[in-house]
>>> print(open('input-v5.cif').read())   # mmCIF, C-alpha atoms and all ligand atoms
data_final
loop_
_atom_site.label_atom_id
_atom_site.label_comp_id
_atom_site.auth_asym_id
_atom_site.auth_seq_id
_atom_site.Cartn_x
_atom_site.Cartn_y
_atom_site.Cartn_z
CA MET A 1 49.07 -12.48 -6.69
CA ARG A 2 45.56 -13.74 -7.43
CA VAL A 3 42.99 -11.13 -8.38
CA ALA A 4 39.30 -11.23 -7.45
CA PRO A 5 37.30 -8.45 -9.13
CA SER A 6 34.34 -7.39 -7.00
CA ILE A 7 31.09 -7.29 -8.95
CA ILE A 8 29.69 -4.59 -6.67
CA ALA A 9 31.53 -1.97 -8.73
CA ALA A 10 30.25 -3.29 -12.09
CA ASN A 11 27.60 -1.73 -14.28
CA PHE A 12 24.53 -3.67 -13.11
CA THR A 13 22.58 -2.95 -16.29
CA LYS A 14 25.20 -4.97 -18.19
CA PHE A 15 25.76 -7.67 -15.66
CA GLN A 16 26.44 -10.60 -17.96
CA GLU A 17 28.72 -8.59 -20.22
CA GLU A 18 30.69 -7.29 -17.21
CA ILE A 19 31.17 -10.81 -15.86
CA LYS A 20 32.32 -12.08 -19.26
CA ARG A 21 34.77 -9.19 -19.55
CA VAL A 22 36.56 -9.98 -16.29
CA GLU A 23 36.49 -13.68 -17.11
CA LYS A 24 38.20 -12.97 -20.45
CA ALA A 25 40.65 -10.70 -18.61
CA ASN A 26 41.79 -13.80 -16.64
CA ALA A 27 40.38 -12.91 -13.24
CA ASP A 28 41.06 -15.75 -10.81
CA LEU A 29 37.91 -15.45 -8.72
CA LEU A 30 34.74 -13.40 -8.89
CA HIS A 31 34.18 -11.60 -5.57
CA LEU A 32 30.54 -11.26 -4.51
CA ASP A 33 29.74 -8.77 -1.74
CA VAL A 34 26.61 -9.77 0.15
CA MET A 35 25.35 -6.98 2.44
CA ASP A 36 22.28 -7.14 4.66
CA GLY A 37 21.71 -3.55 5.77
CA VAL A 38 22.31 -4.64 9.39
CA PHE A 39 25.93 -5.67 9.64
CA VAL A 40 26.77 -2.92 7.16
CA PRO A 41 24.80 0.19 6.17
CA ASN A 42 24.11 -1.06 2.63
CA ILE A 43 22.12 -3.81 0.92
CA THR A 44 23.26 -5.71 -2.17
CA PHE A 45 22.10 -9.18 -3.23
CA GLY A 46 21.60 -12.73 -1.98
CA PRO A 47 21.71 -16.35 -3.12
CA LEU A 48 19.25 -15.92 -6.01
CA ILE A 49 21.59 -13.57 -7.85
CA ILE A 50 24.61 -15.75 -7.07
CA GLU A 51 22.82 -18.74 -8.50
CA ALA A 52 22.19 -16.78 -11.70
CA ILE A 53 25.82 -15.66 -11.87
CA ASN A 54 26.96 -19.24 -11.40
CA ARG A 55 25.02 -20.26 -14.50
CA ILE A 56 26.83 -17.79 -16.75
CA THR A 57 30.47 -18.13 -15.65
CA ASP A 58 33.12 -20.77 -15.05
CA MET A 59 35.05 -18.52 -12.66
CA GLU A 60 35.17 -19.64 -9.05
CA LEU A 61 32.75 -17.61 -6.96
CA ASP A 62 34.12 -15.94 -3.84
CA THR A 63 31.20 -14.91 -1.63
CA HIS A 64 31.97 -12.32 1.06
CA LEU A 65 29.15 -12.33 3.58
CA MET A 66 28.63 -9.06 5.37
CA ILE A 67 25.54 -10.27 7.18
CA VAL A 68 24.63 -10.95 10.79
CA ARG A 69 24.29 -14.57 11.90
CA PRO A 70 25.86 -16.07 8.76
CA GLU A 71 25.34 -19.56 10.23
CA ASN A 72 21.66 -19.31 9.25
CA TYR A 73 22.38 -18.69 5.56
CA LEU A 74 25.56 -20.60 4.71
CA LYS A 75 23.73 -23.58 3.19
CA GLN A 76 21.84 -21.32 0.78
CA PHE A 77 25.00 -19.57 -0.35
CA ILE A 78 26.77 -22.88 -0.86
CA GLU A 79 23.84 -24.30 -2.84
CA ALA A 80 23.83 -21.14 -4.97
CA GLY A 81 27.32 -22.05 -6.20
CA SER A 82 29.82 -20.28 -3.94
CA ASP A 83 33.24 -21.94 -4.07
CA TRP A 84 34.89 -19.68 -1.50
CA ILE A 85 32.91 -18.21 1.41
CA SER A 86 34.01 -15.71 3.99
CA PHE A 87 31.97 -14.43 6.92
CA HIS A 88 32.81 -11.79 9.51
CA ALA A 89 34.23 -12.57 12.93
CA GLU A 90 32.21 -9.61 14.25
CA ALA A 91 28.93 -10.94 12.87
CA THR A 92 28.57 -14.23 14.73
CA GLU A 93 29.18 -15.98 18.01
CA LYS A 94 29.30 -19.28 16.17
CA THR A 95 32.56 -19.08 14.27
CA ASP A 96 33.41 -22.76 14.79
CA GLU A 97 29.99 -23.83 13.59
CA CYS A 98 30.28 -21.67 10.45
CA ILE A 99 33.71 -23.12 9.65
CA LYS A 100 32.34 -26.65 10.07
CA ILE A 101 29.33 -26.05 7.81
CA ILE A 102 31.48 -24.64 5.00
CA LYS A 103 34.16 -27.32 5.28
CA ALA A 104 31.60 -30.12 5.35
CA GLN A 105 30.54 -29.01 1.87
CA ASN A 106 34.17 -28.96 0.69
CA LYS A 107 34.20 -25.22 0.08
CA LYS A 108 37.01 -22.81 0.92
CA VAL A 109 36.38 -21.07 4.21
CA GLY A 110 37.56 -17.60 5.11
CA LEU A 111 37.22 -15.51 8.26
CA ALA A 112 36.89 -11.78 7.57
CA VAL A 113 37.94 -8.99 9.93
CA SER A 114 36.87 -5.36 9.75
CA PRO A 115 39.49 -2.62 10.36
CA PRO A 116 38.78 -2.09 14.10
CA THR A 117 39.12 -5.81 14.88
CA PRO A 118 42.66 -6.88 15.81
CA PHE A 119 44.27 -10.13 14.62
CA ASP A 120 44.36 -11.58 18.13
CA PRO A 121 40.83 -13.09 18.28
CA VAL A 122 41.39 -14.65 14.85
CA LYS A 123 44.57 -16.55 15.85
CA LYS A 124 42.87 -19.60 17.24
CA TYR A 125 40.96 -20.21 14.00
CA VAL A 126 43.75 -19.81 11.45
CA ASP A 127 44.71 -23.50 11.36
CA LYS A 128 41.12 -24.35 10.38
CA LEU A 129 40.82 -21.72 7.65
CA ASP A 130 41.65 -21.66 3.95
CA PHE A 131 42.02 -17.88 4.11
CA VAL A 132 41.84 -14.84 6.33
CA LEU A 133 40.13 -11.82 4.76
CA ILE A 134 41.62 -8.60 6.07
CA MET A 135 39.45 -5.59 5.26
CA THR A 136 41.38 -2.48 4.27
CA VAL A 137 38.28 -0.27 4.30
CA ASN A 138 35.26 -0.28 6.58
CA PRO A 139 32.87 -2.71 4.86
CA GLY A 140 29.78 -1.38 3.12
CA PHE A 141 30.77 0.45 -0.05
CA TYR A 142 33.16 0.16 -2.97
CA GLY A 143 35.41 3.01 -4.04
CA GLN A 144 36.68 3.92 -0.56
CA LYS A 145 40.23 4.83 0.37
CA PHE A 146 42.67 2.08 1.40
CA LEU A 147 43.61 2.23 5.10
CA PRO A 148 47.43 1.90 5.19
CA GLU A 149 47.43 1.20 8.94
CA MET A 150 46.00 -2.26 8.09
CA LEU A 151 49.45 -3.29 6.84
CA ARG A 152 50.46 -4.05 10.42
CA LYS A 153 47.61 -6.54 10.76
CA ILE A 154 48.52 -8.14 7.44
CA GLU A 155 52.14 -8.58 8.55
CA GLU A 156 51.06 -9.95 11.90
CA THR A 157 48.79 -12.48 10.16
CA LYS A 158 51.54 -13.48 7.73
CA ASP A 159 54.06 -13.93 10.57
CA TRP A 160 51.62 -16.17 12.41
CA ILE A 161 50.96 -18.32 9.33
CA VAL A 162 54.67 -18.70 8.58
CA LYS A 163 55.66 -19.33 12.19
CA HIS A 164 53.08 -22.07 12.61
CA LYS A 165 53.58 -23.45 9.07
CA LEU A 166 49.88 -23.13 8.31
CA ASP A 167 48.24 -23.62 4.96
CA CYS A 168 46.16 -20.44 5.04
CA LEU A 169 46.01 -17.68 2.44
CA ILE A 170 45.65 -13.95 3.05
CA GLN A 171 43.02 -12.07 1.10
CA VAL A 172 42.82 -8.29 1.30
CA ASP A 173 39.77 -6.22 0.34
CA GLY A 174 39.07 -2.52 -0.03
CA GLY A 175 40.59 0.39 -1.92
CA ILE A 176 43.25 -1.70 -3.67
CA ASN A 177 44.87 -0.34 -6.81
CA SER A 178 48.01 -0.79 -8.91
CA ARG A 179 49.99 1.49 -6.56
CA ASN A 180 49.25 0.13 -3.09
CA VAL A 181 49.21 -3.49 -4.29
CA VAL A 182 53.02 -3.49 -4.40
CA GLU A 183 53.26 -3.14 -0.63
CA LEU A 184 50.59 -5.79 -0.15
CA ASN A 185 52.52 -8.16 -2.35
CA GLN A 186 55.66 -7.58 -0.30
CA ALA A 187 53.72 -8.17 2.89
CA GLY A 188 52.77 -11.64 1.63
CA VAL A 189 49.17 -11.15 0.52
CA ASP A 190 47.94 -13.98 -1.75
CA ILE A 191 44.66 -12.62 -3.12
CA VAL A 192 43.54 -9.04 -3.72
CA VAL A 193 39.92 -8.04 -4.16
CA ALA A 194 39.38 -5.09 -6.48
CA GLY A 195 36.15 -3.27 -7.21
CA ALA A 196 36.64 0.23 -8.58
CA SER A 197 40.21 -0.29 -9.81
CA VAL A 198 38.96 -2.96 -12.24
CA PHE A 199 35.35 -2.09 -13.07
CA LYS A 200 35.89 1.66 -13.24
CA SER A 201 38.92 1.31 -15.50
CA ASP A 202 38.86 1.44 -19.29
CA ASP A 203 40.87 -1.72 -19.73
CA TYR A 204 39.97 -4.61 -17.42
CA LYS A 205 42.75 -6.81 -18.74
CA LYS A 206 45.39 -4.21 -17.98
CA ALA A 207 43.88 -3.43 -14.58
CA ILE A 208 43.97 -7.09 -13.56
CA LYS A 209 47.46 -7.60 -14.94
CA ASP A 210 48.74 -4.58 -13.01
CA LEU A 211 47.29 -5.97 -9.77
CA ARG A 212 49.10 -9.26 -10.28
CA CYS A 213 52.48 -7.67 -9.50
CA LEU A 214 54.23 -9.74 -12.14
CA LYS A 215 57.92 -9.16 -12.47
CA VAL A 216 58.86 -8.29 -16.05
C1 LIG B 1 33.53 -3.45 0.82
C2 LIG B 1 33.59 -4.68 -0.06
C3 LIG B 1 34.72 -4.67 -1.03
C4 LIG B 1 34.73 -3.45 -1.93
C5 LIG B 1 35.71 -3.55 -3.05
O1 LIG B 1 32.56 -3.59 1.76
O2 LIG B 1 33.72 -5.83 0.73
O3 LIG B 1 34.73 -5.89 -1.75
O4 LIG B 1 33.48 -3.19 -2.41
O5 LIG B 1 35.65 -2.39 -3.81
P1 LIG B 1 36.89 -1.37 -3.91
O6 LIG B 1 38.04 -2.15 -4.45
O7 LIG B 1 36.40 -0.31 -4.86
O8 LIG B 1 37.15 -0.85 -2.54
ZN ZN B 2 34.31 -7.74 -0.32
#
>>> encode(input="input-v5.cif", output="structure tokens", more="lines below")
Ligand code: DX5
Ligand code: ZN
Amino acid sequence: MRVAPSIIAANFTKFQEEIKRVEKANADLLHLDVMDGVFVPNITFGPLIIEAINRITDMELDTHLMIVRPENYLKQFIEAGSDWISFHAEATEKTDECIKIIKAQNKKVGLAVSPPTPFDPVKKYVDKLDFVLIMTVNPGFYGQKFLPEMLRKIEETKDWIVKHKLDCLIQVDGGINSRNVVELNQAGVDIVVAGASVFKSDDYKKAIKDLRCLKV
């Protein structure tokens, strides 16, 4: 299991130190939650901050766009240093165009789905994606409770990928901790995003290791 700590739950007055701590704790990716106050009822940061983060870390940057009309901003987020970019299926009518823009820049492309959105409309895009991001909370805030009913969608997505022999990863985001990660691992999830369970813990290294589901 790859682990992507989400910076949104970090102590923002110690930004650099927090990033270095998860880097030293062997995080695989750094998850960056971009919120616009329109698609979700919260506002975080944009490309300027990502560009600054990119200058102080070697971790791959995983930008999760929770913004309307992502097609208008993808270039900026790519130029800022994002290595992985996901945008929401619910936020655009130009999914194909978004996938094309991201792929043309040789970045990993992910399509994100909020809890109320079924897997069905995503099916036709899976063969073009590097990952599907299945939200296990309603997007907008860290520290929410994991929605166990999303397991069905995860299994459905996994079945589709296996059945069609597709090279697409499953990323899961929201309320993930060392307890519920076990089920996610069994369901075939490849990458877990973790905000509170890493940044609100006392030991980042242990928190990340626990999320990896390593067999001892
Ligand atoms: C929710 C974000 C998530 C979330 C992760 O809108 O996309 O990345 O903040 O934080 P936790 O793990 O605390 O739910
Ligand atoms: Zn996220």
>>> atom_distance(input="input-v5.cif", atom1="atom CA of A:Asp36", atom2="atom CA of A:Arg69")
10.6 Å
>>> closest_atom_pairs(input="input-v5.cif", of="chain A", to="ligand ZN 2 (chain B)", cutoff="8 Å", atoms="all atoms listed in the file", output="tab-separated table")
residue	atom	partner	partner_atom	distance
A:Ser6	CA	B:ZN2	ZN	6.7
A:His31	CA	B:ZN2	ZN	6.5
A:Leu32	CA	B:ZN2	ZN	6.6
A:Asp33	CA	B:ZN2	ZN	4.9
A:Val34	CA	B:ZN2	ZN	8.0
A:Thr63	CA	B:ZN2	ZN	7.9
A:His64	CA	B:ZN2	ZN	5.3
A:Leu65	CA	B:ZN2	ZN	7.9
A:Met135	CA	B:ZN2	ZN	7.9
A:Pro139	CA	B:ZN2	ZN	7.4
A:Asp173	CA	B:ZN2	ZN	5.7
A:Gly174	CA	B:ZN2	ZN	7.1
A:Val193	CA	B:ZN2	ZN	6.8
>>> write_last_selection(input="input-v5.cif", atoms="C-alpha atoms", output="PDB file, in the frame of the given file")
ATOM      1  CA  SER A   6      34.340  -7.390  -7.000  1.00  0.00           C
ATOM      2  CA  HIS A  31      34.180 -11.600  -5.570  1.00  0.00           C
ATOM      3  CA  LEU A  32      30.540 -11.260  -4.510  1.00  0.00           C
ATOM      4  CA  ASP A  33      29.740  -8.770  -1.740  1.00  0.00           C
ATOM      5  CA  VAL A  34      26.610  -9.770   0.150  1.00  0.00           C
ATOM      6  CA  THR A  63      31.200 -14.910  -1.630  1.00  0.00           C
ATOM      7  CA  HIS A  64      31.970 -12.320   1.060  1.00  0.00           C
ATOM      8  CA  LEU A  65      29.150 -12.330   3.580  1.00  0.00           C
ATOM      9  CA  MET A 135      39.450  -5.590   5.260  1.00  0.00           C
ATOM     10  CA  PRO A 139      32.870  -2.710   4.860  1.00  0.00           C
ATOM     11  CA  ASP A 173      39.770  -6.220   0.340  1.00  0.00           C
ATOM     12  CA  GLY A 174      39.070  -2.520  -0.030  1.00  0.00           C
ATOM     13  CA  VAL A 193      39.920  -8.040  -4.160  1.00  0.00           C
TER      14      VAL A 193
END
>>> closest_residue(input="input-v5.cif", among="A:Phe77, A:Gly140, A:Ala89, A:Thr117", to="A:Thr44", atoms="all atoms listed in the file")
A:Gly140
>>> closest_residue(input="input-v5.cif", among="A:Gly81, A:Gly175, A:Pro121, A:Pro70", to="A:Lys145", atoms="all atoms listed in the file")
A:Gly175
>>> closest_residue(input="input-v5.cif", among="A:Lys128, A:Asp120, A:Val109, A:Asn177", to="ligand LIG 1 (chain B)", atoms="only C-alpha atoms and all ligand atoms")
A:Asn177
>>> residues_around(input="input-v5.cif", residues="stretch 209-212 of chain A", least_positions_apart="5", cutoff="12 Å", atoms="all atoms listed in the file", output="PyMOL selection string")
chain A and resi 1-5+22+25-28+176-185+189-195+197-198+201+203-204
>>> closest_residue(input="input-v5.cif", among="A:Pro118, A:Gly110, A:Gly37, A:Gly188", to="A:Lys158", atoms="only C-alpha atoms")
A:Gly188
>>> closest_residue(input="input-v5.cif", among="A:Met66, A:Ile50, A:Leu129, A:Ile56", to="A:Lys100", atoms="only C-alpha atoms")
A:Leu129
>>> residues_around(input="input-v5.cif", residues="stretch 163-165 of chain A", least_positions_apart="4", cutoff="12 Å", atoms="all atoms listed in the file", output="list in words")
Lys123, Lys124, Val126, Asp127, Glu155, Glu156, Thr157, Lys158, Asp159 and Leu169 of chain A
>>> closest_residue(input="input-v5.cif", among="A:Val132, A:Leu111, A:Ile154, A:Ala196", to="A:Asp167", atoms="only C-alpha atoms")
A:Val132
>>> atom_distance(input="input-v5.cif", atom1="atom CA of A:Lys108", atom2="atom CA of A:Thr95")
14.6 Å
>>> residues_near_point(input="input-v5.cif", point="(29.5, -22.2, 6.5)", cutoff="9 Å", atoms="only C-alpha atoms", output="PDB file with C-alpha atoms, in the frame of the given file")
ATOM      1  CA  PRO A  70      25.860 -16.070   8.760  1.00  0.00           C
ATOM      2  CA  GLU A  71      25.340 -19.560  10.230  1.00  0.00           C
ATOM      3  CA  ASN A  72      21.660 -19.310   9.250  1.00  0.00           C
ATOM      4  CA  TYR A  73      22.380 -18.690   5.560  1.00  0.00           C
ATOM      5  CA  LEU A  74      25.560 -20.600   4.710  1.00  0.00           C
ATOM      6  CA  LYS A  75      23.730 -23.580   3.190  1.00  0.00           C
ATOM      7  CA  PHE A  77      25.000 -19.570  -0.350  1.00  0.00           C
ATOM      8  CA  ILE A  78      26.770 -22.880  -0.860  1.00  0.00           C
ATOM      9  CA  ILE A  85      32.910 -18.210   1.410  1.00  0.00           C
ATOM     10  CA  SER A  86      34.010 -15.710   3.990  1.00  0.00           C
ATOM     11  CA  PHE A  87      31.970 -14.430   6.920  1.00  0.00           C
ATOM     12  CA  THR A  95      32.560 -19.080  14.270  1.00  0.00           C
ATOM     13  CA  GLU A  97      29.990 -23.830  13.590  1.00  0.00           C
ATOM     14  CA  CYS A  98      30.280 -21.670  10.450  1.00  0.00           C
ATOM     15  CA  ILE A  99      33.710 -23.120   9.650  1.00  0.00           C
ATOM     16  CA  LYS A 100      32.340 -26.650  10.070  1.00  0.00           C
ATOM     17  CA  ILE A 101      29.330 -26.050   7.810  1.00  0.00           C
ATOM     18  CA  ILE A 102      31.480 -24.640   5.000  1.00  0.00           C
ATOM     19  CA  LYS A 103      34.160 -27.320   5.280  1.00  0.00           C
ATOM     20  CA  ALA A 104      31.600 -30.120   5.350  1.00  0.00           C
ATOM     21  CA  GLN A 105      30.540 -29.010   1.870  1.00  0.00           C
ATOM     22  CA  LYS A 107      34.200 -25.220   0.080  1.00  0.00           C
ATOM     23  CA  VAL A 109      36.380 -21.070   4.210  1.00  0.00           C
TER      24      VAL A 109
END
>>> atom_distance(input="input-v5.cif", atom1="atom CA of A:Thr92", atom2="atom CA of A:Ile43")
18.5 Å
>>> residues_around(input="input-v5.cif", residues="A:Ala52", least_positions_apart="6", cutoff="12 Å", atoms="all atoms listed in the file", output="PDB file with C-alpha atoms, in the coordinates of the input")
ATOM      1  CA  PHE A  15      25.760  -7.670 -15.660  1.00  0.00           C
ATOM      2  CA  GLN A  16      26.440 -10.600 -17.960  1.00  0.00           C
ATOM      3  CA  ILE A  19      31.170 -10.810 -15.860  1.00  0.00           C
ATOM      4  CA  PHE A  45      22.100  -9.180  -3.230  1.00  0.00           C
ATOM      5  CA  GLY A  46      21.600 -12.730  -1.980  1.00  0.00           C
ATOM      6  CA  LEU A  61      32.750 -17.610  -6.960  1.00  0.00           C
ATOM      7  CA  GLU A  79      23.840 -24.300  -2.840  1.00  0.00           C
ATOM      8  CA  ALA A  80      23.830 -21.140  -4.970  1.00  0.00           C
ATOM      9  CA  GLY A  81      27.320 -22.050  -6.200  1.00  0.00           C
ATOM     10  CA  SER A  82      29.820 -20.280  -3.940  1.00  0.00           C
TER      11      SER A  82
END
